[in-house]
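Chemist: coords-v5.txt (compact mmCIF, C-alpha atoms) pasted underneath:
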# COMPACT_ATOMS: atom_id res chain seq x y z
CA MET A 28 -48.12 13.82 -2.95
CA GLN A 29 -47.93 10.06 -2.49
CA SER A 30 -44.51 8.63 -3.37
CA ARG A 31 -44.32 6.25 -6.31
CA TYR A 32 -41.75 4.17 -4.43
CA ALA A 33 -41.79 2.30 -1.14
CA SER A 34 -40.08 4.19 1.67
CA ARG A 35 -38.17 1.11 2.79
CA VAL A 36 -36.41 0.88 -0.60
CA ASN A 37 -35.81 4.63 -0.75
CA GLN A 38 -33.76 4.30 2.45
CA LEU A 39 -31.31 1.83 0.92
CA SER A 40 -27.94 2.95 -0.42
CA GLU A 41 -25.91 1.20 -3.08
CA SER A 42 -23.05 -0.88 -1.68
CA ILE A 43 -19.96 1.35 -1.80
CA THR A 44 -17.69 -1.64 -2.47
CA ILE A 45 -19.79 -2.72 -5.46
CA ALA A 46 -20.06 0.88 -6.71
CA ILE A 47 -16.29 1.42 -6.67
CA SER A 48 -15.57 -1.98 -8.24
CA SER A 49 -18.07 -1.18 -11.01
CA LEU A 50 -16.49 2.25 -11.58
CA ALA A 51 -13.04 0.66 -11.79
CA ARG A 52 -14.29 -1.81 -14.41
CA GLU A 53 -15.89 1.01 -16.43
CA LEU A 54 -12.69 3.05 -16.42
CA LYS A 55 -10.68 -0.02 -17.40
CA ALA A 56 -13.09 -0.67 -20.28
CA GLN A 57 -12.41 2.89 -21.45
CA GLY A 58 -8.75 1.97 -21.83
CA LYS A 59 -7.45 3.43 -18.58
CA ASP A 60 -4.76 1.51 -16.70
CA ILE A 61 -6.76 0.96 -13.53
CA LEU A 62 -5.49 -1.27 -10.74
CA SER A 63 -8.42 -2.25 -8.53
CA PHE A 64 -8.08 -3.46 -4.96
CA SER A 65 -11.71 -2.81 -4.11
CA ALA A 66 -13.51 -6.11 -4.63
CA GLY A 67 -13.93 -8.75 -1.96
CA GLU A 68 -13.57 -11.54 -4.50
CA PRO A 69 -10.85 -14.20 -4.77
CA ASP A 70 -9.02 -14.13 -8.10
CA PHE A 71 -8.73 -17.92 -8.14
CA ASP A 72 -10.88 -20.20 -10.27
CA THR A 73 -13.37 -22.54 -8.60
CA PRO A 74 -11.58 -25.86 -7.89
CA ARG A 75 -11.86 -28.55 -10.55
CA VAL A 76 -13.52 -31.08 -8.24
CA ILE A 77 -16.38 -28.66 -7.62
CA LYS A 78 -16.84 -27.88 -11.30
CA ASP A 79 -16.85 -31.59 -12.10
CA ALA A 80 -19.61 -32.17 -9.54
CA ALA A 81 -21.68 -29.42 -11.18
CA ILE A 82 -21.13 -30.83 -14.65
CA ALA A 83 -22.17 -34.29 -13.45
CA ALA A 84 -25.35 -32.83 -11.95
CA ILE A 85 -26.21 -31.20 -15.27
CA GLU A 86 -25.52 -34.41 -17.21
CA GLN A 87 -27.70 -36.35 -14.78
CA GLY A 88 -30.57 -33.92 -15.30
CA PHE A 89 -30.57 -32.53 -11.76
CA THR A 90 -32.32 -29.38 -12.96
CA LYS A 91 -35.66 -29.33 -11.14
CA TYR A 92 -37.02 -27.59 -8.05
CA THR A 93 -35.64 -28.81 -4.74
CA ALA A 94 -36.76 -28.46 -1.14
CA VAL A 95 -36.68 -24.80 -0.02
CA ALA A 96 -34.10 -25.39 2.72
CA GLY A 97 -31.82 -27.44 0.46
CA ILE A 98 -31.41 -31.03 -0.66
CA PRO A 99 -31.04 -33.54 2.21
CA GLU A 100 -27.53 -34.67 1.25
CA LEU A 101 -26.25 -31.07 1.24
CA LEU A 102 -27.84 -30.31 4.63
CA GLU A 103 -26.19 -33.45 6.03
CA VAL A 104 -22.77 -32.42 4.69
CA ILE A 105 -23.17 -28.93 6.21
CA ALA A 106 -24.15 -30.42 9.58
CA LYS A 107 -21.06 -32.66 9.52
CA LYS A 108 -18.84 -29.75 8.48
CA LEU A 109 -20.13 -27.54 11.32
CA GLU A 110 -19.50 -30.28 13.88
CA ARG A 111 -16.09 -31.25 12.47
CA ASP A 112 -14.65 -27.79 11.84
CA ASN A 113 -16.53 -25.55 14.25
CA HIS A 114 -17.60 -27.83 17.15
CA LEU A 115 -21.23 -26.84 16.51
CA LYS A 116 -23.86 -29.55 16.66
CA TYR A 117 -26.91 -28.85 14.48
CA SER A 118 -29.53 -31.17 13.03
CA THR A 119 -30.50 -30.85 9.37
CA LYS A 120 -33.77 -29.24 10.53
CA GLU A 121 -31.69 -26.40 12.00
CA ILE A 122 -29.91 -25.52 8.74
CA LEU A 123 -31.13 -23.62 5.66
CA VAL A 124 -29.33 -23.06 2.36
CA ASN A 125 -29.63 -19.60 0.85
CA SER A 126 -28.50 -17.73 -2.27
CA GLY A 127 -25.24 -16.47 -0.80
CA ALA A 128 -24.43 -15.42 2.78
CA LYS A 129 -25.83 -11.95 2.05
CA HIS A 130 -29.20 -13.58 1.39
CA SER A 131 -28.84 -15.53 4.64
CA LEU A 132 -28.35 -12.23 6.46
CA PHE A 133 -31.34 -10.67 4.74
CA ASN A 134 -33.56 -13.57 5.79
CA VAL A 135 -32.42 -13.39 9.41
CA PHE A 136 -32.95 -9.64 9.73
CA GLN A 137 -36.37 -9.88 8.11
CA ALA A 138 -37.40 -12.72 10.43
CA LEU A 139 -36.16 -11.13 13.68
CA ILE A 140 -35.99 -7.34 13.51
CA ASP A 141 -39.05 -5.16 14.09
CA SER A 142 -39.47 -1.41 14.30
CA GLY A 143 -37.65 -0.08 17.35
CA ASP A 144 -35.40 -3.11 17.82
CA GLU A 145 -31.76 -2.20 18.37
CA VAL A 146 -28.95 -4.08 16.64
CA ILE A 147 -25.42 -3.63 17.97
CA ILE A 148 -22.79 -3.49 15.22
CA PRO A 149 -19.06 -3.06 15.92
CA SER A 150 -17.51 -0.35 13.73
CA PRO A 151 -15.83 -0.62 11.26
CA TYR A 152 -18.40 -2.98 9.77
CA TRP A 153 -19.26 -4.62 6.49
CA VAL A 154 -21.33 -2.09 4.56
CA THR A 155 -24.44 -4.28 4.24
CA TYR A 156 -25.23 -4.81 7.94
CA PRO A 157 -26.64 -1.37 8.79
CA GLU A 158 -28.52 -1.18 5.48
CA LEU A 159 -30.34 -4.44 6.24
CA VAL A 160 -31.14 -3.34 9.79
CA THR A 161 -32.65 -0.11 8.49
CA PHE A 162 -34.59 -1.95 5.77
CA SER A 163 -36.02 -4.25 8.45
CA GLY A 164 -37.17 -1.28 10.56
CA GLY A 165 -34.53 -1.65 13.24
CA THR A 166 -32.14 0.86 14.80
CA ASN A 167 -28.37 0.58 14.37
CA VAL A 168 -26.27 0.96 17.50
CA PHE A 169 -22.60 1.25 16.56
CA ILE A 170 -19.76 0.45 18.95
CA GLN A 171 -16.66 2.33 17.80
CA THR A 172 -13.51 0.22 17.98
CA THR A 173 -9.92 1.43 17.72
CA GLN A 174 -6.82 0.36 15.85
CA GLU A 175 -5.04 0.13 19.22
CA ASN A 176 -7.56 -2.53 20.28
CA HIS A 177 -7.26 -4.34 16.93
CA PHE A 178 -10.71 -3.12 15.84
CA LYS A 179 -12.51 -5.42 18.28
CA ILE A 180 -15.14 -4.57 20.88
CA THR A 181 -14.51 -5.24 24.55
CA LYS A 182 -16.96 -6.77 26.95
CA GLU A 183 -17.09 -3.43 28.77
CA GLN A 184 -18.17 -1.65 25.59
CA LEU A 185 -20.81 -4.29 24.93
CA LYS A 186 -22.19 -4.04 28.47
CA LYS A 187 -22.52 -0.28 28.10
CA ALA A 188 -24.32 -0.57 24.74
CA LEU A 189 -26.98 -3.03 25.92
CA THR A 190 -30.47 -1.64 26.53
CA SER A 191 -33.95 -3.08 26.98
CA LYS A 192 -34.41 -2.67 23.22
CA THR A 193 -31.30 -4.61 22.18
CA LYS A 194 -32.37 -7.49 19.94
CA MET A 195 -29.12 -8.60 18.34
CA LEU A 196 -25.35 -8.34 18.32
CA VAL A 197 -23.57 -8.75 14.97
CA LEU A 198 -20.13 -10.40 15.11
CA THR A 199 -17.87 -10.88 12.09
CA THR A 200 -14.79 -12.97 12.58
CA PRO A 201 -12.54 -12.73 10.62
CA SER A 202 -13.65 -9.17 9.99
CA ASN A 203 -14.42 -7.34 6.81
CA PRO A 204 -12.83 -4.74 6.45
CA THR A 205 -10.07 -5.23 9.06
CA GLY A 206 -9.28 -8.96 8.90
CA MET A 207 -9.13 -9.14 12.70
CA VAL A 208 -10.19 -12.35 14.48
CA TYR A 209 -11.79 -12.68 17.91
CA SER A 210 -9.92 -15.03 20.24
CA LYS A 211 -11.62 -17.62 22.41
CA GLU A 212 -10.98 -15.50 25.49
CA GLU A 213 -12.52 -12.41 23.88
CA LEU A 214 -15.60 -14.41 22.85
CA GLU A 215 -15.88 -15.81 26.36
CA GLY A 216 -16.00 -12.24 27.67
CA ILE A 217 -18.80 -11.39 25.23
CA ALA A 218 -20.67 -14.56 26.24
CA GLU A 219 -20.39 -13.56 29.89
CA VAL A 220 -22.01 -10.17 29.20
CA LEU A 221 -24.86 -11.71 27.18
CA LYS A 222 -25.71 -14.39 29.73
CA ASP A 223 -29.23 -13.94 31.16
CA THR A 224 -30.26 -11.62 28.29
CA ASN A 225 -32.51 -12.33 25.30
CA VAL A 226 -30.04 -10.91 22.79
CA TRP A 227 -29.41 -12.87 19.61
CA VAL A 228 -25.89 -13.16 18.22
CA LEU A 229 -25.50 -13.14 14.45
CA SER A 230 -22.13 -14.70 13.68
CA ASP A 231 -20.88 -14.05 10.14
CA GLU A 232 -18.13 -16.61 9.53
CA ILE A 233 -17.71 -16.30 5.76
CA TYR A 234 -13.90 -15.87 6.04
CA GLU A 235 -13.31 -18.69 8.54
CA LYS A 236 -11.04 -20.70 6.21
CA LEU A 237 -8.75 -17.71 5.63
CA ILE A 238 -6.88 -17.65 8.94
CA PHE A 239 -3.16 -16.87 8.91
CA ASP A 240 -2.29 -16.43 12.59
CA GLY A 241 -3.87 -18.07 15.61
CA ALA A 242 -7.02 -20.15 15.43
CA PHE A 243 -10.62 -19.60 14.38
CA VAL A 244 -13.31 -20.01 17.03
CA SER A 245 -17.04 -19.96 16.27
CA PRO A 246 -18.94 -17.84 18.82
CA GLY A 247 -21.60 -20.55 19.12
CA SER A 248 -18.99 -23.06 20.31
CA ILE A 249 -18.14 -21.08 23.48
CA ASN A 250 -20.85 -22.66 25.63
CA ALA A 251 -24.41 -24.01 25.52
CA ASP A 252 -25.94 -20.60 26.13
CA MET A 253 -24.07 -19.05 23.19
CA LEU A 254 -25.05 -21.95 20.94
CA GLU A 255 -28.74 -21.35 21.71
CA ARG A 256 -28.60 -17.61 21.01
CA THR A 257 -26.21 -17.67 18.03
CA ILE A 258 -27.24 -17.78 14.38
CA THR A 259 -24.25 -19.05 12.43
CA ILE A 260 -23.88 -17.79 8.87
CA ASN A 261 -21.40 -19.02 6.31
CA GLY A 262 -20.99 -19.74 2.61
CA LEU A 263 -18.58 -20.73 -0.13
CA SER A 264 -17.80 -17.44 -1.89
CA LYS A 265 -14.51 -16.71 -0.13
CA SER A 266 -13.18 -20.11 0.95
CA VAL A 267 -13.46 -21.91 -2.41
CA ALA A 268 -13.76 -19.01 -4.86
CA MET A 269 -17.46 -19.60 -5.59
CA THR A 270 -18.69 -15.99 -5.56
CA GLY A 271 -20.82 -16.36 -8.67
CA TRP A 272 -22.38 -19.67 -7.64
CA ARG A 273 -24.39 -17.95 -4.88
CA MET A 274 -24.38 -20.41 -2.02
CA GLY A 275 -24.71 -19.44 1.63
CA TYR A 276 -26.24 -21.13 4.64
CA LEU A 277 -27.43 -20.39 8.14
CA ALA A 278 -27.83 -22.55 11.22
CA SER A 279 -29.85 -21.94 14.38
CA LYS A 280 -30.93 -24.11 17.29
CA ASP A 281 -34.27 -22.26 17.24
CA GLN A 282 -36.34 -24.48 14.94
CA LYS A 283 -39.23 -22.03 14.96
CA LEU A 284 -36.91 -19.36 13.53
CA CYS A 285 -35.76 -21.82 10.89
CA LYS A 286 -39.39 -22.56 10.00
CA LEU A 287 -40.20 -18.84 9.71
CA ILE A 288 -37.20 -18.26 7.46
CA ASN A 289 -38.17 -21.30 5.41
CA ASN A 290 -41.64 -19.75 4.94
CA LEU A 291 -40.10 -16.42 3.93
CA GLN A 292 -37.80 -18.08 1.43
CA SER A 293 -40.59 -20.23 0.02
CA GLN A 294 -42.48 -17.04 -0.88
CA SER A 295 -39.47 -15.24 -2.35
CA LEU A 296 -36.53 -17.25 -3.67
CA SER A 297 -37.88 -20.81 -3.29
CA ASN A 298 -34.74 -22.96 -3.51
CA ILE A 299 -31.25 -21.94 -4.60
CA ASN A 300 -29.80 -23.22 -7.87
CA SER A 301 -30.01 -27.02 -7.96
CA ILE A 302 -26.64 -27.41 -9.72
CA THR A 303 -24.92 -25.21 -7.13
CA GLN A 304 -26.28 -27.44 -4.37
CA LYS A 305 -24.66 -30.55 -5.88
CA ALA A 306 -21.40 -28.67 -6.44
CA SER A 307 -21.45 -27.41 -2.83
CA ILE A 308 -21.34 -30.96 -1.51
CA ALA A 309 -17.94 -31.40 -3.17
CA ALA A 310 -16.82 -28.08 -1.65
CA LEU A 311 -17.76 -29.13 1.90
CA ASP A 312 -17.09 -32.85 2.20
CA GLY A 313 -13.28 -32.64 2.11
CA ARG A 314 -12.62 -33.11 -1.60
CA ALA A 315 -11.65 -29.44 -2.03
CA ASP A 316 -9.56 -29.15 1.14
CA ALA A 317 -6.22 -29.20 -0.70
CA ASP A 318 -7.41 -26.39 -2.97
CA ILE A 319 -8.63 -24.38 0.03
CA GLU A 320 -5.23 -24.71 1.70
CA LYS A 321 -3.41 -23.72 -1.49
CA MET A 322 -5.48 -20.53 -1.73
CA ARG A 323 -5.01 -19.78 1.97
CA LEU A 324 -1.24 -19.98 1.67
CA ALA A 325 -1.28 -17.70 -1.39
CA PHE A 326 -3.39 -15.15 0.49
CA LYS A 327 -1.00 -15.33 3.45
CA GLU A 328 1.96 -14.59 1.17
CA ARG A 329 0.10 -11.64 -0.33
CA ARG A 330 -0.89 -10.35 3.11
CA ASP A 331 2.69 -10.38 4.36
CA PHE A 332 3.99 -8.70 1.21
CA ALA A 333 1.30 -5.98 1.10
CA TYR A 334 1.52 -5.36 4.86
CA ASP A 335 5.27 -4.72 4.71
CA LYS A 336 5.06 -2.54 1.60
CA LEU A 337 2.16 -0.38 2.80
CA ASN A 338 3.69 0.14 6.24
CA ALA A 339 6.87 1.35 4.55
CA ILE A 340 5.00 4.27 2.99
CA ARG A 341 5.45 7.51 4.89
CA ASN A 342 2.23 8.68 6.59
CA LEU A 343 0.43 5.35 6.16
CA ASN A 344 0.17 2.60 8.74
CA VAL A 345 -1.75 -0.63 9.01
CA SER A 346 -2.21 -3.33 11.65
CA LYS A 347 -1.46 -6.88 10.58
CA PRO A 348 -4.71 -8.82 10.16
CA ASP A 349 -5.16 -12.41 11.29
CA GLY A 350 -7.42 -13.45 8.43
CA ALA A 351 -9.65 -12.60 5.42
CA PHE A 352 -7.93 -10.79 2.51
CA TYR A 353 -8.06 -7.11 3.45
CA LEU A 354 -5.78 -4.50 4.94
CA PHE A 355 -7.50 -1.57 6.67
CA VAL A 356 -5.00 1.19 6.11
CA ASN A 357 -4.76 4.32 8.28
CA CYS A 358 -4.35 7.27 5.90
CA SER A 359 -5.38 10.02 8.34
CA ALA A 360 -1.90 11.58 8.26
CA VAL A 361 -2.44 12.19 4.54
CA SER A 362 -6.16 12.94 4.69
CA LYS A 363 -8.83 12.38 7.30
CA ASP A 364 -11.42 12.49 4.49
CA SER A 365 -11.22 8.92 3.19
CA MET A 366 -13.73 9.54 0.39
CA GLN A 367 -11.65 12.41 -1.02
CA PHE A 368 -8.44 10.43 -0.55
CA CYS A 369 -9.83 7.48 -2.55
CA LYS A 370 -11.32 9.74 -5.22
CA ASP A 371 -7.98 11.51 -5.71
CA LEU A 372 -6.11 8.21 -5.67
CA LEU A 373 -8.31 6.84 -8.44
CA GLU A 374 -8.13 9.98 -10.57
CA GLN A 375 -4.43 10.73 -10.12
CA ALA A 376 -2.86 7.30 -9.56
CA GLN A 377 -5.49 5.08 -11.20
CA VAL A 378 -5.75 2.87 -8.12
CA ALA A 379 -9.15 1.84 -6.75
CA VAL A 380 -9.56 1.18 -3.00
CA VAL A 381 -12.61 1.58 -0.74
CA PRO A 382 -12.91 4.58 1.62
CA GLY A 383 -13.19 3.75 5.29
CA ILE A 384 -16.21 6.01 5.72
CA GLY A 385 -18.24 3.36 3.91
CA PHE A 386 -17.38 0.97 6.75
CA GLY A 387 -18.16 3.53 9.42
CA MET A 388 -14.60 4.73 10.08
CA ASP A 389 -13.12 7.74 8.28
CA GLY A 390 -9.39 8.27 7.84
CA TYR A 391 -8.85 4.71 6.56
CA PHE A 392 -9.18 2.79 3.33
CA ARG A 393 -9.68 -0.91 2.62
CA PHE A 394 -7.12 -2.58 0.39
CA SER A 395 -8.10 -6.02 -0.94
CA TYR A 396 -5.15 -8.28 -1.73
CA ALA A 397 -7.34 -10.82 -3.52
CA THR A 398 -5.25 -10.43 -6.65
CA ASP A 399 -1.79 -11.39 -7.94
CA LEU A 400 1.46 -10.24 -6.32
CA GLN A 401 2.63 -8.36 -9.40
CA SER A 402 -0.51 -6.18 -9.39
CA ILE A 403 -0.21 -5.67 -5.63
CA GLU A 404 3.40 -4.50 -5.95
CA LYS A 405 2.56 -2.16 -8.83
CA GLY A 406 -0.50 -0.77 -7.05
CA ILE A 407 1.32 -0.11 -3.77
CA GLN A 408 4.09 1.71 -5.64
CA ARG A 409 1.45 3.98 -7.16
CA ILE A 410 -0.03 4.56 -3.70
CA ALA A 411 3.46 5.41 -2.38
CA ASP A 412 4.06 7.90 -5.20
CA PHE A 413 0.66 9.47 -4.57
CA CYS A 414 1.25 9.83 -0.82
CA ASN A 415 4.72 11.29 -1.35
CA LYS A 416 3.18 14.01 -3.53
CA HIS A 417 0.62 14.81 -0.85
Translate the structure described by the file into structure tokens.
Modeler:
Amino acid sequence: MQSRYASRVNQLSESITIAISSLARELKAQGKDILSFSAGEPDFDTPRVIKDAAIAAIEQGFTKYTAVAGIPELLEVIAKKLERDNHLKYSTKEILVNSGAKHSLFNVFQALIDSGDEVIIPSPYWVTYPELVTFSGGTNVFIQTTQENHFKITKEQLKKALTSKTKMLVLTTPSNPTGMVYSKEELEGIAEVLKDTNVWVLSDEIYEKLIFDGAFVSPGSINADMLERTITINGLSKSVAMTGWRMGYLASKDQKLCKLINNLQSQSLSNINSITQKASIAALDGRADADIEKMRLAFKERRDFAYDKLNAIRNLNVSKPDGAFYLFVNCSAVSKDSMQFCKDLLEQAQVAVVPGIGFGMDGYFRFSYATDLQSIEKGIQRIADFCNKH
């Protein structure tokens, strides 16, 4: 019998991070004392200067359709930001504004990946990458990393994974779920392996402003060859607490790719929210920099506190991340089944975290410290009590 639903949609799974966050909210609404560390969402409010820019846009009647790729003044600010902060030189014709970085990713995969194309994804990975590859008809090729190597692929691993069908390598730095950051030397090694290939690099840099140790380096800035093959993706959800505003952007030196994505977006989303575009200018032109730094320092304090407390729990261990706002905690000494561990933790200790299996690595869980220190301390004490009982 013919299916009522398209096979491509039937293959998609619900995001495990969203599912657990939703469950935690439901339980809380039922009156249960749930402490959730599952969401990848800053607990800070959007900075005042950004909200004021949005209010001004509304008062000025900036409420009509805009160009699909974004308003010219926003594209110019993004181009200046990429050159100033990331040493990446793009023209405004090489930049497109999308409805969140997840939408940017969707557009790229749809424009580039065909049936049979292989996409290399380091594991652990953000849950959405393999789902989008599958939806686009591609084949996921996972490179398993280790905690000993700080959850980063080596150039030797990459060389071994490359085949004639490899279309793209996905890099996330800082990483979700591990918070690890690729150094310039590590990126140079990756660039060396990719030289003389036709492999695209998709560089997800959404956490670039949340760096606590070392420096952030954009893969596209390594050399001219990497700039040509790299699609840079970023947004404002994490850096300036604008998750609900839905603003992401992508940049590529391949203007034909940009045109194809523009066509795709014109037939689906059209343009992103006009008010968000005006507000985003204030988020990117330097006016919000003091707010960004204030949030970064708060996240660093939380990271250090949570790292020390979790590592003090018997049978748990975690590597110290360089950025983002996650700790990827090794719980294999308690249970190698991360789904069962997290289910029991929620039911017995009323703490919500995300099982590592959802990120492609069992025996771990992701702990988001994008919440206040008091909740973090209380939650980790519950985790300690739970582990001591098990």
Chemist: Could you give me, as a ChimeraX atom specification, the residues within 10 Å of Arg75 in chain A, counting all atoms listed in the file and dropping anything in the same chain fewer than 6 positions from it?
Modeler: /A:81,309,315,318
Chemist: For a quick check of understanding, using all atoms listed in the file, which of A:Ser118, A:Ser48, A:Ser142, A:Asn225 has the smallest distance to Thr166 in chain A?
Modeler: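 Counting all atoms listed in the file, the residue closest to Thr166 in chain A is A:Ser142.
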Chemist: Using all atoms listed in the file, give me every residue within 9 Å of (-31.0, 5.4, 4.5) in file coordinates, as a ChimeraX atom specification.
Modeler: /A:35-40,158,161-162
Chemist: Could those residues be written to a file, using C-alpha atoms, as a PDB file, in the frame of the given file?
Modeler:
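Final output, saved to result_6.pdb:
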ATOM      1  CA  ARG A  35     -38.170   1.110   2.790  1.00  0.00           C
ATOM      2  CA  VAL A  36     -36.410   0.880  -0.600  1.00  0.00           C
ATOM      3  CA  ASN A  37     -35.810   4.630  -0.750  1.00  0.00           C
ATOM      4  CA  GLN A  38     -33.760   4.300   2.450  1.00  0.00           C
ATOM      5  CA  LEU A  39     -31.310   1.830   0.920  1.00  0.00           C
ATOM      6  CA  SER A  40     -27.940   2.950  -0.420  1.00  0.00           C
ATOM      7  CA  GLU A 158     -28.520  -1.180   5.480  1.00  0.00           C
ATOM      8  CA  THR A 161     -32.650  -0.110   8.490  1.00  0.00           C
ATOM      9  CA  PHE A 162     -34.590  -1.950   5.770  1.00  0.00           C
TER      10      PHE A 162
END
Chemist: Calculate how many Å separate CA of Tyr117 in chain A from CA of Gln282 in chain A, rounding to one decimal.
Modeler: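 It comes out at 10.4 Å.
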Chemist: Write out as a list in words the residues lying within 12 Å of Thr190 in chain A, counting all atoms listed in the file and excluding same-chain residues fewer than 4 positions away.
Modeler: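 The residues that qualify are Gly143, Asp144, Glu145, Val146, Ile147, Val168, Leu185, Lys186, Lys194, Met195, Leu196, Leu221, Thr224, Asn225 and Val226 of chain A.
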Chemist: Quick one: everything within 9 Å of His417 in chain A, counting all atoms listed in the file, minus sequence neighbours fewer than 2 positions away in the same chain. Send it as a list in words.
Modeler: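 Those residues are Val361, Ser362, Asp412, Phe413, Cys414 and Asn415 of chain A.
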Chemist: Just the number, please: distance in Å from CA of Ala128 in chain A to CA of Asn261 in chain A, one decimal.
Modeler: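 It comes out at 5.9 Å.
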Chemist: To one decimal in Å, tell me the separation between CA of Val244 in chain A and CA of Gly216 in chain A.
Modeler: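 Going from CA of Val244 in chain A over to CA of Gly216 in chain A, I get 13.4 Å.
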Chemist: Write out as a tab-separated table (two decimals) with C-alpha atoms, in the frame of the given file each polymer residue whose atoms come within 6 Å of Ser65 in chain A, counting all atoms listed in the file; drop sequence neighbours fewer than 5 positions from it.
Modeler:
chain	number	residue	atom	x	y	z
A	48	SER	CA	-15.57	-1.98	-8.24
A	379	ALA	CA	-9.15	1.84	-6.75
A	380	VAL	CA	-9.56	1.18	-3.00
A	381	VAL	CA	-12.61	1.58	-0.74
A	395	SER	CA	-8.10	-6.02	-0.94
Chemist: Using all atoms listed in the file, can you tell me which of A:Thr259, A:Gln401, A:Ser202, A:Ser359 comes closest to Pro149 in chain A?
Modeler: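 Ranked by minimum distance to Pro149 in chain A, first place goes to A:Ser202.
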Chemist: Might I get the box with edges along x, y and z of the file that holds all atoms of range 315-330 of chain A listed there, padded by 6 Å on every side, given as centre and edge lengths in Å to one decimal, as lines of an AutoDock Vina configuration file?
Modeler:
center_x = -4.8
center_y = -19.9
center_z = 0.2
size_x = 25.6
size_y = 31.1
size_z = 18.4
Chemist: Find the residue from A:Ala33, A:Ser307, A:Ile340, A:Arg314 that sits nearest to Ser264 in chain A; use all atoms listed in the file when measuring.
Modeler: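 Closest to Ser264 in chain A, using all atoms listed in the file: A:Ser307.
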Chemist: Considering all atoms listed in the file, tabulate each residue of range 99-156 of chain A that lies at most 12 Å from range 228-242 of chain A along with its nearest interatomic pair and the corresponding distance in Å to one decimal; arrange the rows by chain and ascending residue number and present them as JSON lines.
Modeler:
{"residue": "A:Leu109", "atom": "CA", "partner": "A:Glu232", "partner_atom": "CA", "distance": 11.3}
{"residue": "A:Asp112", "atom": "CA", "partner": "A:Lys236", "partner_atom": "CA", "distance": 9.7}
{"residue": "A:Asn113", "atom": "CA", "partner": "A:Glu235", "partner_atom": "CA", "distance": 9.5}
{"residue": "A:Gly127", "atom": "CA", "partner": "A:Ile233", "partner_atom": "CA", "distance": 10.0}
{"residue": "A:Ala128", "atom": "CA", "partner": "A:Ile233", "partner_atom": "CA", "distance": 7.4}
{"residue": "A:Lys129", "atom": "CA", "partner": "A:Asp231", "partner_atom": "CA", "distance": 9.7}
{"residue": "A:Ser131", "atom": "CA", "partner": "A:Asp231", "partner_atom": "CA", "distance": 9.8}
{"residue": "A:Leu132", "atom": "CA", "partner": "A:Asp231", "partner_atom": "CA", "distance": 8.5}
{"residue": "A:Phe133", "atom": "CA", "partner": "A:Leu229", "partner_atom": "CA", "distance": 11.6}
{"residue": "A:Asn134", "atom": "CA", "partner": "A:Leu229", "partner_atom": "CA", "distance": 11.8}
{"residue": "A:Val135", "atom": "CA", "partner": "A:Leu229", "partner_atom": "CA", "distance": 8.6}
{"residue": "A:Phe136", "atom": "CA", "partner": "A:Leu229", "partner_atom": "CA", "distance": 9.5}
{"residue": "A:Leu139", "atom": "CA", "partner": "A:Leu229", "partner_atom": "CA", "distance": 10.9}
{"residue": "A:Val146", "atom": "CA", "partner": "A:Val228", "partner_atom": "CA", "distance": 9.7}
{"residue": "A:Ile147", "atom": "CA", "partner": "A:Val228", "partner_atom": "CA", "distance": 9.5}
{"residue": "A:Ile148", "atom": "CA", "partner": "A:Leu229", "partner_atom": "CA", "distance": 10.1}
{"residue": "A:Tyr152", "atom": "CA", "partner": "A:Asp231", "partner_atom": "CA", "distance": 11.4}
{"residue": "A:Trp153", "atom": "CA", "partner": "A:Asp231", "partner_atom": "CA", "distance": 10.2}
{"residue": "A:Thr155", "atom": "CA", "partner": "A:Asp231", "partner_atom": "CA", "distance": 12.0}
{"residue": "A:Tyr156", "atom": "CA", "partner": "A:Asp231", "partner_atom": "CA", "distance": 10.4}
Chemist: When you look at Ala278 in chain A with a cut-off of 6 Å (counting only C-alpha atoms), what residues show up, excluding the ones that are within fewer than 4 positions of it in the same chain? I need them as a list in words.
Modeler: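 The residues that qualify are Glu121, Ile122, Ile258 and Thr259 of chain A.
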Chemist: Distance cut-off 7 Å, centre (-19.8, 0.2, 8.4) in file coordinates, counting all atoms listed in the file: which residues qualify? Return them as a list of chain:residue names.
Modeler: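 Within the cut-off we find A:Ser150, A:Pro151, A:Tyr152, A:Trp153, A:Val154, A:Gly385, A:Phe386, A:Gly387.
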Chemist: Let's have the selection written as a short mmCIF file (atom, residue, chain, number, x, y, z; two decimals), keeping the file's coordinate frame, with C-alpha atoms.
Modeler:
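Listing of selection-v4.cif after writing:
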data_model
loop_
_atom_site.label_atom_id
_atom_site.label_comp_id
_atom_site.auth_asym_id
_atom_site.auth_seq_id
_atom_site.Cartn_x
_atom_site.Cartn_y
_atom_site.Cartn_z
CA SER A 150 -17.51 -0.35 13.73
CA PRO A 151 -15.83 -0.62 11.26
CA TYR A 152 -18.40 -2.98 9.77
CA TRP A 153 -19.26 -4.62 6.49
CA VAL A 154 -21.33 -2.09 4.56
CA GLY A 385 -18.24 3.36 3.91
CA PHE A 386 -17.38 0.97 6.75
CA GLY A 387 -18.16 3.53 9.42
#
Chemist: Check the smallest atom-to-atom distance from each of A:Thr193, A:Gln184, A:Thr44, A:Ser245 to Lys211 in chain A using only C-alpha atoms, then report the winner.
Modeler: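 Nearest to Lys211 in chain A: A:Ser245.
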Chemist: Closest to Asp281 in chain A among A:Lys120, A:Lys321, A:Ala339, A:Phe64, using all atoms listed in the file?
Modeler: A:Lys120
Chemist: Could you check the closest approach to Ala218 in chain A for each of A:Pro348, A:Pro69, A:Pro246, A:Pro201 and tell me which residue wins, using only C-alpha atoms?
Modeler: A:Pro246
